[in-house]
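What follows is work34.txt (compact mmCIF, C-alpha atoms).
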```txt
# COMPACT_ATOMS: atom_id res chain seq x y z
CA MET A 1 82.87 62.81 106.77
CA THR A 2 82.72 62.27 110.52
CA GLY A 3 84.36 64.48 113.13
CA ILE A 4 86.94 61.79 113.83
CA GLU A 5 87.81 61.54 110.16
CA MET A 6 88.18 65.33 109.95
CA ASP A 7 90.50 65.36 112.97
CA ARG A 8 92.58 62.60 111.45
CA ASP A 9 92.74 64.50 108.16
CA ASP A 10 93.87 67.64 110.00
CA ASP A 11 96.55 65.71 111.87
CA GLN A 12 97.84 64.10 108.73
CA LEU A 13 97.74 67.36 106.82
CA GLU A 14 99.77 68.94 109.57
CA ASP A 15 102.39 66.23 109.05
CA PHE A 16 102.51 67.19 105.38
CA PHE A 17 102.68 70.89 106.18
CA ALA A 18 105.50 70.29 108.66
CA ALA A 19 107.44 68.27 106.10
CA ALA A 20 106.95 71.02 103.51
CA ARG A 21 108.06 73.73 105.95
CA ARG A 22 111.25 71.81 106.66
CA ALA A 23 111.86 71.34 102.93
CA ALA A 24 111.45 75.05 102.12
CA ALA A 25 113.61 76.37 99.30
CA VAL A 26 116.68 78.34 100.39
CA PRO A 27 118.22 81.03 98.17
CA SER A 28 121.50 80.16 96.53
CA GLU A 29 124.48 82.48 96.83
CA ALA A 30 124.17 83.19 93.11
CA LEU A 31 120.57 84.35 93.52
CA LEU A 32 121.48 86.56 96.48
CA ALA A 33 124.36 88.03 94.48
CA ARG A 34 122.01 88.88 91.60
CA ILE A 35 119.51 90.47 93.95
CA ILE A 36 122.16 92.55 95.72
CA ALA A 37 123.52 93.64 92.33
CA ASP A 38 120.00 94.72 91.36
CA ALA A 39 119.82 96.72 94.57
CA GLU A 40 123.07 98.48 93.70
CA ASP A 41 121.81 99.30 90.22
CA ALA A 42 118.43 100.49 91.43
CA MET A 43 119.77 102.52 94.36
CA PRO A 44 117.97 105.85 94.21
CA VAL A 45 120.74 107.88 95.91
CA ARG A 46 124.38 106.95 95.76
CA THR A 47 126.65 107.68 98.69
CA ALA A 48 130.03 109.32 98.13
CA SER A 49 131.83 106.15 99.13
CA ARG A 50 130.15 104.27 96.28
CA ASP A 51 130.15 106.81 93.50
CA PRO A 52 133.57 107.94 92.26
CA ALA A 53 131.98 110.84 90.41
CA ARG A 54 130.94 112.32 93.72
CA VAL A 55 134.12 111.52 95.56
CA ALA A 56 136.30 114.06 93.79
CA PRO A 57 134.16 117.12 94.62
CA ALA A 58 133.87 115.98 98.21
CA ARG A 59 137.61 115.52 98.48
CA ALA A 60 138.24 118.86 96.78
CA GLY A 61 135.97 120.51 99.32
CA LEU A 62 137.92 118.98 102.16
CA LEU A 63 141.19 120.15 100.67
CA ARG A 64 139.83 123.68 100.19
CA TRP A 65 138.84 123.68 103.84
CA LEU A 66 142.23 122.42 104.90
CA GLY A 67 143.87 125.08 102.76
CA ALA A 68 141.79 127.81 104.31
CA GLN A 69 142.65 126.62 107.79
CA ALA A 70 146.36 126.57 107.03
CA GLY A 71 146.66 129.81 105.10
CA TRP A 72 147.28 128.00 101.88
CA GLY A 73 149.19 130.77 100.12
CA ALA A 74 151.89 130.98 102.76
CA LEU A 75 152.55 127.41 103.68
CA GLY A 76 155.77 127.27 105.58
CA GLY A 77 157.49 124.33 107.15
CA LEU A 78 155.43 124.20 110.32
CA ALA A 79 152.15 124.73 108.54
CA THR A 80 153.11 122.11 106.01
CA ALA A 81 153.94 119.63 108.72
CA THR A 82 150.69 120.39 110.53
CA VAL A 83 148.54 119.98 107.46
CA ALA A 84 150.48 116.95 106.29
CA GLY A 85 150.12 115.37 109.73
CA LEU A 86 146.43 116.08 109.73
CA TRP A 87 146.21 114.62 106.28
CA PHE A 88 148.09 111.46 107.17
CA GLY A 89 145.98 111.05 110.27
CA TYR A 90 142.87 111.41 108.21
CA ALA A 91 144.05 109.09 105.46
CA GLY A 92 144.97 106.53 108.09
CA LEU A 93 141.38 106.28 109.26
CA GLY A 94 140.56 104.07 106.34
CA GLU A 95 137.05 103.03 105.41
CA THR A 96 135.92 102.58 108.98
CA GLY A 97 136.62 106.13 110.11
CA PRO A 98 134.00 108.82 110.56
CA LEU A 99 135.19 110.68 107.46
CA ALA A 100 135.57 107.54 105.41
CA GLY A 101 132.55 108.42 103.36
CA LEU A 102 134.42 111.31 101.81
CA VAL A 103 137.04 109.07 100.30
CA GLY A 104 136.03 106.47 97.79
CA ALA A 105 137.08 102.89 98.34
CA GLY A 106 138.74 102.83 94.96
CA ALA A 107 140.00 106.41 94.97
CA SER A 108 143.69 107.06 94.95
CA VAL A 109 144.41 109.66 97.54
CA GLY A 110 148.00 110.54 98.34
CA ALA A 111 149.85 113.26 100.11
CA THR A 112 150.94 114.70 96.79
CA GLU A 113 147.36 115.73 96.09
CA LEU A 114 147.42 117.90 99.15
CA LEU A 115 150.12 120.06 97.63
CA PRO A 116 149.43 120.06 93.94
CA GLY A 117 152.56 120.43 91.89
CA GLY A 118 154.80 120.37 94.94
CA ASP A 119 157.29 117.85 96.16
CA THR A 120 155.84 116.86 99.49
CA ILE A 121 158.49 114.78 101.09
CA PRO A 122 161.38 117.27 101.10
CA LEU A 123 159.12 119.77 102.83
CA LEU A 124 158.70 117.57 105.85
CA PRO A 125 160.86 118.76 108.73
CA GLY A 126 163.81 116.56 109.50
CA TRP A 127 163.67 114.72 106.24
CA GLU A 128 167.08 115.86 105.15
CA GLY A 129 168.64 115.11 108.50
CA MET B 1 126.68 87.26 107.06
CA PRO B 2 124.79 85.73 110.02
CA LEU B 3 125.27 89.02 111.87
CA ASP B 4 123.23 90.73 109.17
CA LEU B 5 120.24 88.57 110.02
CA ASP B 6 120.58 89.58 113.66
CA ASP B 7 120.41 93.27 112.82
CA PRO B 8 117.81 94.76 115.18
CA ARG B 9 116.60 97.40 112.73
CA SER B 10 113.16 96.90 111.19
CA ASP B 11 112.62 96.20 107.50
CA ASP B 12 110.99 99.62 107.33
CA ALA B 13 114.05 101.38 108.72
CA LEU B 14 116.42 99.46 106.48
CA LEU B 15 114.36 100.26 103.40
CA ALA B 16 114.48 103.96 104.30
CA LEU B 17 118.25 103.73 104.68
CA TYR B 18 118.53 102.02 101.32
CA GLY B 19 116.44 104.80 99.82
CA ARG B 20 119.05 107.23 101.09
CA GLY B 21 121.87 105.31 99.45
CA ASP B 22 122.89 102.80 102.12
CA GLY B 23 124.02 99.68 100.26
CA ALA B 24 124.60 97.74 103.47
CA ALA B 25 120.91 98.12 104.32
CA ALA B 26 120.02 96.55 100.97
CA ARG B 27 122.28 93.61 101.69
CA ILE B 28 120.58 92.96 105.03
CA LEU B 29 117.14 93.23 103.43
CA ALA B 30 118.16 90.85 100.67
CA LEU B 31 119.35 88.26 103.17
CA ARG B 32 116.26 88.70 105.29
CA LEU B 33 113.54 88.80 102.64
CA THR B 34 114.76 86.76 99.67
CA PRO B 35 114.00 83.44 101.44
CA LEU B 36 110.38 84.56 101.86
CA ALA B 37 110.02 85.48 98.19
CA LEU B 38 111.73 82.31 97.02
CA ARG B 39 109.87 79.78 99.15
CA VAL B 40 106.45 81.32 98.48
CA GLY B 41 107.26 81.55 94.79
CA GLN B 42 108.28 77.91 94.80
CA ARG B 43 105.10 76.85 96.54
CA MET B 44 102.90 78.83 94.23
CA LEU B 45 104.67 77.85 91.01
CA GLY B 46 106.08 74.40 91.84
CA ASP B 47 109.15 75.21 89.78
CA ALA B 48 112.52 76.08 91.32
CA ALA B 49 114.01 78.02 88.41
CA GLU B 50 110.87 80.04 87.86
CA ALA B 51 110.66 80.71 91.59
CA GLU B 52 114.18 82.19 91.49
CA ASP B 53 113.18 84.52 88.67
CA LEU B 54 110.08 85.51 90.56
CA ALA B 55 112.05 86.18 93.76
CA GLN B 56 114.50 88.39 91.90
CA GLU B 57 111.68 90.30 90.22
CA ALA B 58 109.85 90.78 93.52
CA MET B 59 112.98 92.07 95.22
CA LEU B 60 113.65 94.43 92.31
CA ARG B 61 110.20 95.87 92.82
CA LEU B 62 111.06 96.37 96.47
CA TRP B 63 114.23 98.30 95.58
CA ARG B 64 112.25 100.47 93.18
CA ALA B 65 109.55 101.11 95.77
CA ALA B 66 112.07 102.36 98.33
CA PRO B 67 112.06 106.08 97.42
CA GLY B 68 108.30 106.39 97.82
CA TRP B 69 107.95 104.01 100.76
CA GLN B 70 105.58 105.28 103.45
CA ALA B 71 107.09 104.48 106.83
CA GLY B 72 104.56 103.18 109.31
CA GLY B 73 102.23 101.87 106.60
CA ALA B 74 102.05 98.28 105.46
CA LYS B 75 104.74 95.95 106.76
CA VAL B 76 107.48 95.41 104.21
CA SER B 77 106.98 91.65 104.43
CA THR B 78 103.21 91.98 103.90
CA TRP B 79 103.88 94.13 100.85
CA LEU B 80 106.38 91.61 99.55
CA TYR B 81 103.99 88.68 100.05
CA ARG B 82 101.42 90.56 98.00
CA VAL B 83 103.91 91.28 95.21
CA VAL B 84 105.05 87.65 95.15
CA MET B 85 101.46 86.41 94.97
CA ASN B 86 100.61 88.82 92.17
CA LEU B 87 103.68 87.88 90.19
CA ALA B 88 102.93 84.20 90.73
CA THR B 89 99.35 84.65 89.58
CA ASP B 90 100.56 86.38 86.41
CA ARG B 91 102.94 83.54 85.66
CA LEU B 92 100.29 80.91 86.34
CA ARG B 93 97.90 82.62 83.95
CA ARG B 94 100.53 82.54 81.25
CA ARG B 95 101.07 78.83 81.64
CA ARG B 96 97.44 77.77 81.82
CA THR B 97 97.92 75.36 78.94
CA VAL B 98 99.79 73.02 81.28
CA PRO B 99 97.44 70.63 83.12
CA LEU B 100 97.23 71.69 86.74
CA ASP B 101 97.23 68.25 88.28
CA ASP B 102 100.39 67.00 86.64
CA GLY B 103 102.40 67.47 89.79
CA PRO B 104 105.57 65.52 90.51
CA GLU B 105 105.06 61.90 91.48
CA PRO B 106 107.37 59.93 93.76
CA GLU B 107 109.92 57.90 91.89
CA ASP B 108 109.19 54.22 91.46
CA GLY B 109 110.94 51.76 93.71
CA GLN B 110 111.70 54.16 96.55
CA PRO B 111 111.77 52.35 99.91
CA GLY B 112 108.94 53.91 101.87
CA ALA B 113 110.29 52.75 105.21
CA VAL B 114 113.17 55.21 105.21
CA ALA B 115 112.04 58.07 107.41
CA GLY B 116 113.96 60.79 105.61
CA LEU B 117 112.64 59.66 102.30
CA ILE B 118 109.10 59.59 103.59
CA GLU B 119 109.62 63.12 104.84
CA ALA B 120 110.80 64.23 101.40
CA GLU B 121 107.98 62.36 99.72
CA ARG B 122 105.41 63.96 101.98
CA ALA B 123 106.79 67.39 101.10
CA ALA B 124 106.71 66.52 97.40
CA ALA B 125 103.22 65.06 97.67
CA LEU B 126 101.96 68.19 99.38
CA GLU B 127 103.56 70.35 96.70
CA ALA B 128 101.82 68.32 94.01
CA ALA B 129 98.50 68.50 95.83
CA LEU B 130 98.89 72.25 96.34
CA MET B 131 99.49 72.72 92.63
CA ALA B 132 96.17 71.00 91.94
CA LEU B 133 94.24 73.52 94.04
CA PRO B 134 92.68 76.64 92.55
CA ASP B 135 95.16 79.53 92.82
CA ARG B 136 93.32 81.46 95.52
CA GLN B 137 92.91 78.42 97.73
CA ARG B 138 96.58 77.62 97.29
CA GLU B 139 97.54 81.19 98.22
CA ALA B 140 95.45 81.06 101.37
CA VAL B 141 96.72 77.63 102.46
CA VAL B 142 100.36 78.54 101.77
CA LEU B 143 100.13 81.77 103.73
CA ARG B 144 98.20 80.20 106.62
CA HIS B 145 99.82 76.81 107.05
CA LEU B 146 103.26 77.12 105.50
CA GLU B 147 104.08 80.76 106.20
CA GLY B 148 102.18 80.74 109.51
CA LEU B 149 100.49 84.11 108.98
CA ALA B 150 97.37 85.17 110.83
CA ASN B 151 94.12 85.48 108.90
CA PRO B 152 93.94 89.32 109.08
CA GLU B 153 97.38 89.64 107.46
CA ILE B 154 96.43 87.06 104.83
CA ALA B 155 93.28 89.07 104.16
CA GLU B 156 95.42 92.19 103.64
CA ILE B 157 97.77 90.36 101.29
CA MET B 158 94.98 88.80 99.27
CA GLY B 159 92.76 91.86 99.27
CA VAL B 160 89.74 90.03 100.72
CA GLY B 161 87.93 89.83 104.05
CA VAL B 162 88.93 87.55 106.92
CA GLU B 163 85.85 85.37 106.38
CA ALA B 164 86.81 84.82 102.77
CA VAL B 165 90.27 83.75 103.94
CA GLU B 166 88.77 81.27 106.38
CA SER B 167 86.61 79.84 103.61
CA LEU B 168 89.49 79.59 101.14
CA VAL B 169 91.70 77.88 103.72
CA ALA B 170 88.97 75.41 104.68
CA ARG B 171 88.19 74.52 101.07
CA GLY B 172 91.87 74.27 100.26
CA LYS B 173 92.50 71.89 103.12
CA ARG B 174 89.58 69.73 102.11
CA GLY B 175 91.00 69.56 98.61
CA LEU B 176 94.42 68.63 99.91
CA ALA B 177 93.02 65.95 102.21
CA GLN B 178 91.07 64.36 99.37
CA ARG B 179 94.05 64.43 97.07
CA LEU B 180 96.43 62.99 99.64
CA ALA B 181 94.01 60.38 100.97
CA GLY B 182 94.89 57.84 98.33
CA ARG B 183 98.56 58.04 99.19
CA ARG B 184 98.41 57.54 102.96
CA GLU B 185 99.90 54.08 102.90
CA GLU B 186 102.82 54.83 100.59
CA LEU B 187 103.61 57.94 102.62
CA GLY B 188 104.00 56.07 105.87
CA TYR B 189 100.48 56.06 107.28
CA ASP B 190 98.67 52.88 108.23
CA GLY B 191 95.84 51.82 105.99
CA ASP B 192 92.27 52.47 107.09
```
Rewrite the structure of this file - the entire thing - as structure tokens.
Amino acid sequence: MTGIEMDRDDDQLEDFFAAARRAAAVPSEALLARIIADAEDAMPVRTASRDPARVAPARAGLLRWLGAQAGWGALGGLATATVAGLWFGYAGLGETGPLAGLVGAGASVGATELLPGGDTIPLLPGWEG
Amino acid sequence: MPLDLDDPRSDDALLALYGRGDGAAARILALRLTPLALRVGQRMLGDAAEAEDLAQEAMLRLWRAAPGWQAGGAKVSTWLYRVVMNLATDRLRRRRTVPLDDGPEPEDGQPGAVAGLIEAERAAALEAALMALPDRQREAVVLRHLEGLANPEIAEIMGVGVEAVESLVARGKRGLAQRLAGRREELGYDGD
């Protein structure tokens, strides 16, 4: 094979390579979904926001902390309002807030859980007026 | 989703985040790396469905490797190329009963003057010619000329020296040129 023939072969091969590069396979959405599902299953450490089993202890810890700050045993109207306000502010942060990781996306968190066994709404100042 | 591909964090950093339980990092890695695994799998196996299985298996191995990943070591993509090539080699060994040079042929009666069709036929012809090469030559040619990797990285992926890569690429290209020579005219090149 002469040098000219080799150059021509290289040029023509490059045309083939270029065509093949442009025709490269692209992953389907179904394949990507399977791969992401595998990643979820294989995840070595689960964050609180993903794992409901870990959400409850985290939330309980937050509530214990809130209780300690408010003097849980002697909750009066003002303390109730303060804690409830803090709670509503926190709950309002949603998934994008800095504490969002403590509350699971699927977890049901309501004000009633802040005061177990109590009737929250009548305790709020001004409710009856 | 396009924003995920623009994420400035390295594959290394994202894999470490995934190892610590960050699902979003896994999603970015999947979007970034699955195309690599799929297209190389397709080129090595010449079979779309099997290439999908291979890509999923390679990515699963990546997820499982995350906890023990050594940051600052091999590039994630280099590691993934190696896994894809090894998985492809295993699959090729299992199907050795199938004749290697029975690659896809262009359909009869296709008008060769249509540029887009010629483009597709050239890609298909190259795929068929690649499948006729010995596995190691095909690996080297795919990584060099279709993935655009440098010889030292190819050497790392293939576990050989740079000179061996150069030799495999050269022999592979000669094999491709010989195989494609008889089809120049039908693929839009003037006759000799």
_Taking all atoms listed in the file into account, find every residue of chain B that has an atom no more than 6 Å from chain A, and write it out as a VMD selection string._
chain B and resid 19 to 21 35 39 56 63 119 122 to 123 146
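You will find atom CA of B:Lys75 at 18.8 Å from atom CA of B:Glu57.
Atom CA of B:Leu80 sits 18.6 Å away from atom CA of B:Ala48.
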*What gap, in Å, lies between atom CA of B:Arg183 and atom CA of B:Leu92?*
26.3 Å
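Nearest to B:Asp6 of all the residues B:Arg27, B:Arg171, B:Arg32, B:Arg96 is B:Arg32, counting only C-alpha atoms.
Nearest-residue note for B:Ala30: choosing from B:Val142, B:Val160, B:Ala13, B:Leu62, the minimum distance belongs to B:Leu62, counting only C-alpha atoms.
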*From B:Ala88, B:Leu33, B:Val141, B:Ala181, residue lying nearest B:Asp47 [only C-alpha atoms]*: B:Ala88
